[in-house]
Amino acid sequence: MIFLILGTQKFQLNRLLREMDELYKQGKIKERTFAQIGCSDYLPHNYDYIDFLDRENFEDKIKESDLIITHSGVGSILTSLKYEKPVIVYPRLCKYKEHVDDHQLEIAKAFAQKKYVLYCGEYDDLYEVIKQAKYTKFEKYTSSTHNIVRIITDFLKE
């Protein structure tokens, strides 16, 4: 299953939903897709969707997925990486009123540069990136939270 994650903020990402519908229409995508569409007002025609998921159901969808396609929400990316899922990051763009600025581009490129995810930019072919995700060897993301906690704990003990 492909899981599309569009976040919970007040911004739409209709562009991605339409592009996936078009890939279905062209017969390029046949596998089951489920989308958490957030505040998008485009409603998919060829796959299931819901506006929002609670935390437990959100993580369940990630666990059952074979591929995640997400906006550049750090929480969505990190949760997907926690379950070692292949991730395509499709950033929101300011010029389409998908966000107030283009910080999602920077986030997407930073994760892709470290080879944790694949980046799908505005002019990239989403279908080609989906195919690429099937054979890409991703780097394993390791959280540094435990190191930060250890440093703080050591400091407090001194």
# chains A, B, ... in the order shown; residues from 1 in each chain; ligands from 1
>>> residues_around(residues="A:Cys39", least_positions_apart="5", cutoff="9 Å", atoms="only C-alpha atoms", output="list in words")
Leu6, Gly7, Thr8, Gln9, Lys10, Phe11, Gln12, Leu13, Asp51 and Phe52 of chain A
>>> closest_atom_pairs(of="stretch 70-90 of chain A", to="stretch 133-142 of chain A", cutoff="9 Å", atoms="only C-alpha atoms", output="Markdown table")
| residue | atom | partner | partner_atom | distance |
| --- | --- | --- | --- | --- |
| A:Leu78 | CA | A:Tyr141 | CA | 8.4 |
| A:Leu81 | CA | A:Tyr141 | CA | 6.4 |
| A:Lys82 | CA | A:Tyr141 | CA | 7.5 |
| A:Glu84 | CA | A:Lys140 | CA | 7.4 |
| A:Pro86 | CA | A:Ala133 | CA | 6.5 |
| A:Val87 | CA | A:Ala133 | CA | 7.6 |
| A:Ile88 | CA | A:Ala133 | CA | 7.5 |
>>> select_by_dssp(residues="stretch 50-122 of chain A", states="helix (DSSP H, G or I)", output="PyMOL selection string")
chain A and resi 55-64+74-82+94-96+103-113
>>> select_by_dssp(residues="stretch 2-157 of chain A", states="strand (DSSP E)", output="JSON, numbers by chain")
{"A": [2, 3, 4, 5, 33, 34, 35, 36, 48, 49, 50, 67, 68, 69, 70, 87, 88, 89, 118, 119]}
>>> write_last_selection(atoms="N, CA and C atoms", output="PDB file, in the first residue's frame")
ATOM      1  N   ILE A   2       0.442   2.256  -0.742  1.00  0.00           N
ATOM      2  CA  ILE A   2       1.068   3.567  -0.723  1.00  0.00           C
ATOM      3  C   ILE A   2       0.247   4.434   0.230  1.00  0.00           C
ATOM      4  N   PHE A   3       0.923   5.098   1.147  1.00  0.00           N
ATOM      5  CA  PHE A   3       0.253   5.991   2.090  1.00  0.00           C
ATOM      6  C   PHE A   3       0.693   7.415   1.800  1.00  0.00           C
ATOM      7  N   LEU A   4      -0.262   8.271   1.427  1.00  0.00           N
ATOM      8  CA  LEU A   4      -0.008   9.687   1.195  1.00  0.00           C
ATOM      9  C   LEU A   4      -0.308  10.442   2.486  1.00  0.00           C
ATOM     10  N   ILE A   5       0.653  11.215   2.953  1.00  0.00           N
ATOM     11  CA  ILE A   5       0.486  11.986   4.186  1.00  0.00           C
ATOM     12  C   ILE A   5       0.586  13.468   3.848  1.00  0.00           C
ATOM     13  N   THR A  33      -3.844   2.626  -2.546  1.00  0.00           N
ATOM     14  CA  THR A  33      -3.334   3.868  -1.980  1.00  0.00           C
ATOM     15  C   THR A  33      -4.351   4.391  -0.982  1.00  0.00           C
ATOM     16  N   PHE A  34      -3.839   4.935   0.104  1.00  0.00           N
ATOM     17  CA  PHE A  34      -4.685   5.572   1.104  1.00  0.00           C
ATOM     18  C   PHE A  34      -4.064   6.921   1.414  1.00  0.00           C
ATOM     19  N   ALA A  35      -4.904   7.967   1.512  1.00  0.00           N
ATOM     20  CA  ALA A  35      -4.393   9.315   1.756  1.00  0.00           C
ATOM     21  C   ALA A  35      -5.025   9.931   2.997  1.00  0.00           C
ATOM     22  N   GLN A  36      -4.181  10.578   3.771  1.00  0.00           N
ATOM     23  CA  GLN A  36      -4.628  11.448   4.861  1.00  0.00           C
ATOM     24  C   GLN A  36      -4.497  12.838   4.267  1.00  0.00           C
ATOM     25  N   ASP A  48      -8.723   5.569  -1.593  1.00  0.00           N
ATOM     26  CA  ASP A  48      -9.390   5.932  -0.343  1.00  0.00           C
ATOM     27  C   ASP A  48      -8.654   7.051   0.366  1.00  0.00           C
ATOM     28  N   TYR A  49      -9.407   7.807   1.151  1.00  0.00           N
ATOM     29  CA  TYR A  49      -8.814   8.931   1.876  1.00  0.00           C
ATOM     30  C   TYR A  49      -9.644   9.247   3.120  1.00  0.00           C
ATOM     31  N   ILE A  50      -9.028  10.014   3.982  1.00  0.00           N
ATOM     32  CA  ILE A  50      -9.684  10.559   5.171  1.00  0.00           C
ATOM     33  C   ILE A  50      -9.047  11.916   5.425  1.00  0.00           C
ATOM     34  N   LEU A  67       5.150   1.992   0.948  1.00  0.00           N
ATOM     35  CA  LEU A  67       5.758   3.242   0.500  1.00  0.00           C
ATOM     36  C   LEU A  67       4.993   4.400   1.110  1.00  0.00           C
ATOM     37  N   ILE A  68       5.728   5.400   1.566  1.00  0.00           N
ATOM     38  CA  ILE A  68       5.129   6.621   2.096  1.00  0.00           C
ATOM     39  C   ILE A  68       5.473   7.765   1.149  1.00  0.00           C
ATOM     40  N   ILE A  69       4.463   8.558   0.789  1.00  0.00           N
ATOM     41  CA  ILE A  69       4.685   9.800   0.060  1.00  0.00           C
ATOM     42  C   ILE A  69       4.116  10.886   0.964  1.00  0.00           C
ATOM     43  N   THR A  70       4.981  11.794   1.400  1.00  0.00           N
ATOM     44  CA  THR A  70       4.572  12.775   2.394  1.00  0.00           C
ATOM     45  C   THR A  70       5.018  14.184   2.037  1.00  0.00           C
ATOM     46  N   VAL A  87      10.519   6.387   1.846  1.00  0.00           N
ATOM     47  CA  VAL A  87       9.787   7.652   1.905  1.00  0.00           C
ATOM     48  C   VAL A  87      10.147   8.526   0.707  1.00  0.00           C
ATOM     49  N   ILE A  88       9.106   9.065   0.090  1.00  0.00           N
ATOM     50  CA  ILE A  88       9.262  10.105  -0.928  1.00  0.00           C
ATOM     51  C   ILE A  88       8.718  11.382  -0.303  1.00  0.00           C
ATOM     52  N   VAL A  89       9.526  12.436  -0.314  1.00  0.00           N
ATOM     53  CA  VAL A  89       9.087  13.712   0.234  1.00  0.00           C
ATOM     54  C   VAL A  89       8.715  14.637  -0.921  1.00  0.00           C
ATOM     55  N   LEU A 118      13.739   9.935  -0.635  1.00  0.00           N
ATOM     56  CA  LEU A 118      13.834  10.461  -1.998  1.00  0.00           C
ATOM     57  C   LEU A 118      13.062  11.773  -2.046  1.00  0.00           C
ATOM     58  N   TYR A 119      13.584  12.704  -2.787  1.00  0.00           N
ATOM     59  CA  TYR A 119      12.962  14.018  -2.949  1.00  0.00           C
ATOM     60  C   TYR A 119      12.247  14.050  -4.291  1.00  0.00           C
TER      61      TYR A 119
END
>>> residues_around(residues="stretch 15-26 of chain A", least_positions_apart="5", cutoff="7 Å", atoms="only C-alpha atoms", output="PyMOL selection string")
chain A and resi 44-46
>>> write_last_selection(atoms="N, CA and C atoms", output="compact mmCIF listing (two decimals), in the first residue's frame")
# COMPACT_ATOMS: atom_id res chain seq x y z
N PRO A 44 -9.86 12.76 -3.79
CA PRO A 44 -9.40 11.73 -4.73
C PRO A 44 -10.55 10.88 -5.27
N HIS A 45 -10.40 10.47 -6.52
CA HIS A 45 -11.41 9.64 -7.19
C HIS A 45 -11.02 8.17 -7.26
N ASN A 46 -9.72 7.88 -7.17
CA ASN A 46 -9.24 6.53 -7.45
C ASN A 46 -8.62 5.82 -6.26
>>> atom_distance(atom1="atom CA of A:Ser143", atom2="atom CA of A:Phe111")
13.1 Å
>>> atom_distance(atom1="atom CA of A:Ser65", atom2="atom CA of A:Glu31")
10.8 Å
>>> decode(residues="stretch 6-50 of chain A", atoms="N, CA and C atoms", output="PDB file, in the first residue's frame")
ATOM      1  N   LEU A   6      -0.508  14.200   4.078  1.00  0.00           N
ATOM      2  CA  LEU A   6      -0.528  15.623   3.755  1.00  0.00           C
ATOM      3  C   LEU A   6      -0.556  16.517   4.987  1.00  0.00           C
ATOM      4  N   GLY A   7      -0.431  15.945   6.162  1.00  0.00           N
ATOM      5  CA  GLY A   7      -0.306  16.738   7.374  1.00  0.00           C
ATOM      6  C   GLY A   7      -1.618  17.230   7.942  1.00  0.00           C
ATOM      7  N   THR A   8      -1.483  18.041   8.986  1.00  0.00           N
ATOM      8  CA  THR A   8      -2.661  18.495   9.726  1.00  0.00           C
ATOM      9  C   THR A   8      -2.771  20.020   9.779  1.00  0.00           C
ATOM     10  N   GLN A   9      -1.851  20.725   9.147  1.00  0.00           N
ATOM     11  CA  GLN A   9      -1.937  22.186   9.163  1.00  0.00           C
ATOM     12  C   GLN A   9      -3.037  22.665   8.227  1.00  0.00           C
ATOM     13  N   LYS A  10      -3.273  23.959   8.223  1.00  0.00           N
ATOM     14  CA  LYS A  10      -4.398  24.542   7.487  1.00  0.00           C
ATOM     15  C   LYS A  10      -4.184  24.644   5.975  1.00  0.00           C
ATOM     16  N   PHE A  11      -3.106  24.083   5.462  1.00  0.00           N
ATOM     17  CA  PHE A  11      -2.766  24.236   4.052  1.00  0.00           C
ATOM     18  C   PHE A  11      -3.142  23.005   3.229  1.00  0.00           C
ATOM     19  N   GLN A  12      -3.559  23.257   1.998  1.00  0.00           N
ATOM     20  CA  GLN A  12      -3.889  22.172   1.065  1.00  0.00           C
ATOM     21  C   GLN A  12      -2.633  21.692   0.336  1.00  0.00           C
ATOM     22  N   LEU A  13      -2.731  20.478  -0.212  1.00  0.00           N
ATOM     23  CA  LEU A  13      -1.701  19.966  -1.117  1.00  0.00           C
ATOM     24  C   LEU A  13      -2.416  19.204  -2.236  1.00  0.00           C
ATOM     25  N   ASN A  14      -3.350  19.912  -2.874  1.00  0.00           N
ATOM     26  CA  ASN A  14      -4.161  19.333  -3.943  1.00  0.00           C
ATOM     27  C   ASN A  14      -3.311  18.814  -5.094  1.00  0.00           C
ATOM     28  N   ARG A  15      -2.187  19.459  -5.331  1.00  0.00           N
ATOM     29  CA  ARG A  15      -1.293  19.090  -6.436  1.00  0.00           C
ATOM     30  C   ARG A  15      -0.901  17.621  -6.369  1.00  0.00           C
ATOM     31  N   LEU A  16      -0.516  17.139  -5.200  1.00  0.00           N
ATOM     32  CA  LEU A  16      -0.120  15.735  -5.037  1.00  0.00           C
ATOM     33  C   LEU A  16      -1.318  14.805  -5.219  1.00  0.00           C
ATOM     34  N   LEU A  17      -2.451  15.151  -4.643  1.00  0.00           N
ATOM     35  CA  LEU A  17      -3.644  14.306  -4.773  1.00  0.00           C
ATOM     36  C   LEU A  17      -4.069  14.161  -6.231  1.00  0.00           C
ATOM     37  N   ARG A  18      -4.034  15.267  -6.968  1.00  0.00           N
ATOM     38  CA  ARG A  18      -4.394  15.231  -8.397  1.00  0.00           C
ATOM     39  C   ARG A  18      -3.396  14.394  -9.205  1.00  0.00           C
ATOM     40  N   GLU A  19      -2.119  14.569  -8.869  1.00  0.00           N
ATOM     41  CA  GLU A  19      -1.090  13.831  -9.602  1.00  0.00           C
ATOM     42  C   GLU A  19      -1.254  12.321  -9.393  1.00  0.00           C
ATOM     43  N   MET A  20      -1.549  11.902  -8.169  1.00  0.00           N
ATOM     44  CA  MET A  20      -1.777  10.469  -7.916  1.00  0.00           C
ATOM     45  C   MET A  20      -3.022   9.983  -8.652  1.00  0.00           C
ATOM     46  N   ASP A  21      -4.090  10.767  -8.656  1.00  0.00           N
ATOM     47  CA  ASP A  21      -5.289  10.390  -9.410  1.00  0.00           C
ATOM     48  C   ASP A  21      -4.968  10.209 -10.888  1.00  0.00           C
ATOM     49  N   GLU A  22      -4.156  11.099 -11.431  1.00  0.00           N
ATOM     50  CA  GLU A  22      -3.781  11.016 -12.844  1.00  0.00           C
ATOM     51  C   GLU A  22      -2.961   9.744 -13.113  1.00  0.00           C
ATOM     52  N   LEU A  23      -2.071   9.382 -12.195  1.00  0.00           N
ATOM     53  CA  LEU A  23      -1.281   8.154 -12.363  1.00  0.00           C
ATOM     54  C   LEU A  23      -2.182   6.923 -12.362  1.00  0.00           C
ATOM     55  N   TYR A  24      -3.218   6.926 -11.549  1.00  0.00           N
ATOM     56  CA  TYR A  24      -4.203   5.840 -11.563  1.00  0.00           C
ATOM     57  C   TYR A  24      -4.950   5.816 -12.884  1.00  0.00           C
ATOM     58  N   LYS A  25      -5.399   6.989 -13.319  1.00  0.00           N
ATOM     59  CA  LYS A  25      -6.153   7.113 -14.565  1.00  0.00           C
ATOM     60  C   LYS A  25      -5.335   6.589 -15.753  1.00  0.00           C
ATOM     61  N   GLN A  26      -4.031   6.848 -15.737  1.00  0.00           N
ATOM     62  CA  GLN A  26      -3.139   6.386 -16.807  1.00  0.00           C
ATOM     63  C   GLN A  26      -2.773   4.911 -16.664  1.00  0.00           C
ATOM     64  N   GLY A  27      -3.180   4.276 -15.575  1.00  0.00           N
ATOM     65  CA  GLY A  27      -2.869   2.871 -15.343  1.00  0.00           C
ATOM     66  C   GLY A  27      -1.454   2.631 -14.838  1.00  0.00           C
ATOM     67  N   LYS A  28      -0.756   3.678 -14.452  1.00  0.00           N
ATOM     68  CA  LYS A  28       0.617   3.523 -13.981  1.00  0.00           C
ATOM     69  C   LYS A  28       0.674   3.035 -12.537  1.00  0.00           C
ATOM     70  N   ILE A  29      -0.276   3.444 -11.727  1.00  0.00           N
ATOM     71  CA  ILE A  29      -0.355   2.998 -10.341  1.00  0.00           C
ATOM     72  C   ILE A  29      -1.538   2.043 -10.233  1.00  0.00           C
ATOM     73  N   LYS A  30      -1.262   0.859  -9.712  1.00  0.00           N
ATOM     74  CA  LYS A  30      -2.321  -0.129  -9.544  1.00  0.00           C
ATOM     75  C   LYS A  30      -2.482  -0.555  -8.089  1.00  0.00           C
ATOM     76  N   GLU A  31      -1.419  -0.331  -7.295  1.00  0.00           N
ATOM     77  CA  GLU A  31      -1.488  -0.775  -5.908  1.00  0.00           C
ATOM     78  C   GLU A  31      -2.403   0.128  -5.091  1.00  0.00           C
ATOM     79  N   ARG A  32      -2.909  -0.432  -4.024  1.00  0.00           N
ATOM     80  CA  ARG A  32      -3.814   0.291  -3.138  1.00  0.00           C
ATOM     81  C   ARG A  32      -3.100   1.521  -2.584  1.00  0.00           C
ATOM     82  N   THR A  33      -3.844   2.626  -2.546  1.00  0.00           N
ATOM     83  CA  THR A  33      -3.334   3.868  -1.980  1.00  0.00           C
ATOM     84  C   THR A  33      -4.351   4.391  -0.982  1.00  0.00           C
ATOM     85  N   PHE A  34      -3.839   4.935   0.104  1.00  0.00           N
ATOM     86  CA  PHE A  34      -4.685   5.572   1.104  1.00  0.00           C
ATOM     87  C   PHE A  34      -4.064   6.921   1.414  1.00  0.00           C
ATOM     88  N   ALA A  35      -4.904   7.967   1.512  1.00  0.00           N
ATOM     89  CA  ALA A  35      -4.393   9.315   1.756  1.00  0.00           C
ATOM     90  C   ALA A  35      -5.025   9.931   2.997  1.00  0.00           C
ATOM     91  N   GLN A  36      -4.181  10.578   3.771  1.00  0.00           N
ATOM     92  CA  GLN A  36      -4.628  11.448   4.861  1.00  0.00           C
ATOM     93  C   GLN A  36      -4.497  12.838   4.267  1.00  0.00           C
ATOM     94  N   ILE A  37      -5.642  13.436   3.839  1.00  0.00           N
ATOM     95  CA  ILE A  37      -5.599  14.634   2.998  1.00  0.00           C
ATOM     96  C   ILE A  37      -5.579  15.955   3.777  1.00  0.00           C
ATOM     97  N   GLY A  38      -5.759  15.912   5.082  1.00  0.00           N
ATOM     98  CA  GLY A  38      -5.694  17.140   5.864  1.00  0.00           C
ATOM     99  C   GLY A  38      -6.714  18.158   5.395  1.00  0.00           C
ATOM    100  N   CYS A  39      -6.259  19.374   5.122  1.00  0.00           N
ATOM    101  CA  CYS A  39      -7.147  20.475   4.728  1.00  0.00           C
ATOM    102  C   CYS A  39      -7.238  20.665   3.215  1.00  0.00           C
ATOM    103  N   SER A  40      -6.806  19.685   2.463  1.00  0.00           N
ATOM    104  CA  SER A  40      -6.938  19.777   1.006  1.00  0.00           C
ATOM    105  C   SER A  40      -8.415  19.717   0.643  1.00  0.00           C
ATOM    106  N   ASP A  41      -8.792  20.427  -0.417  1.00  0.00           N
ATOM    107  CA  ASP A  41     -10.198  20.391  -0.816  1.00  0.00           C
ATOM    108  C   ASP A  41     -10.418  19.558  -2.086  1.00  0.00           C
ATOM    109  N   TYR A  42      -9.347  19.060  -2.660  1.00  0.00           N
ATOM    110  CA  TYR A  42      -9.487  18.106  -3.770  1.00  0.00           C
ATOM    111  C   TYR A  42      -9.745  16.735  -3.168  1.00  0.00           C
ATOM    112  N   LEU A  43     -10.788  16.067  -3.641  1.00  0.00           N
ATOM    113  CA  LEU A  43     -11.125  14.736  -3.123  1.00  0.00           C
ATOM    114  C   LEU A  43     -10.751  13.683  -4.157  1.00  0.00           C
ATOM    115  N   PRO A  44      -9.864  12.761  -3.790  1.00  0.00           N
ATOM    116  CA  PRO A  44      -9.405  11.731  -4.727  1.00  0.00           C
ATOM    117  C   PRO A  44     -10.555  10.884  -5.274  1.00  0.00           C
ATOM    118  N   HIS A  45     -10.403  10.467  -6.523  1.00  0.00           N
ATOM    119  CA  HIS A  45     -11.410   9.639  -7.193  1.00  0.00           C
ATOM    120  C   HIS A  45     -11.015   8.166  -7.257  1.00  0.00           C
ATOM    121  N   ASN A  46      -9.718   7.879  -7.174  1.00  0.00           N
ATOM    122  CA  ASN A  46      -9.236   6.530  -7.450  1.00  0.00           C
ATOM    123  C   ASN A  46      -8.618   5.817  -6.260  1.00  0.00           C
ATOM    124  N   TYR A  47      -8.674   6.408  -5.102  1.00  0.00           N
ATOM    125  CA  TYR A  47      -8.123   5.776  -3.903  1.00  0.00           C
ATOM    126  C   TYR A  47      -8.827   6.328  -2.669  1.00  0.00           C
ATOM    127  N   ASP A  48      -8.723   5.569  -1.593  1.00  0.00           N
ATOM    128  CA  ASP A  48      -9.390   5.932  -0.343  1.00  0.00           C
ATOM    129  C   ASP A  48      -8.654   7.051   0.366  1.00  0.00           C
ATOM    130  N   TYR A  49      -9.407   7.807   1.151  1.00  0.00           N
ATOM    131  CA  TYR A  49      -8.814   8.931   1.876  1.00  0.00           C
ATOM    132  C   TYR A  49      -9.644   9.247   3.120  1.00  0.00           C
ATOM    133  N   ILE A  50      -9.028  10.014   3.982  1.00  0.00           N
ATOM    134  CA  ILE A  50      -9.684  10.559   5.171  1.00  0.00           C
ATOM    135  C   ILE A  50      -9.047  11.916   5.425  1.00  0.00           C
TER     136      ILE A  50
END
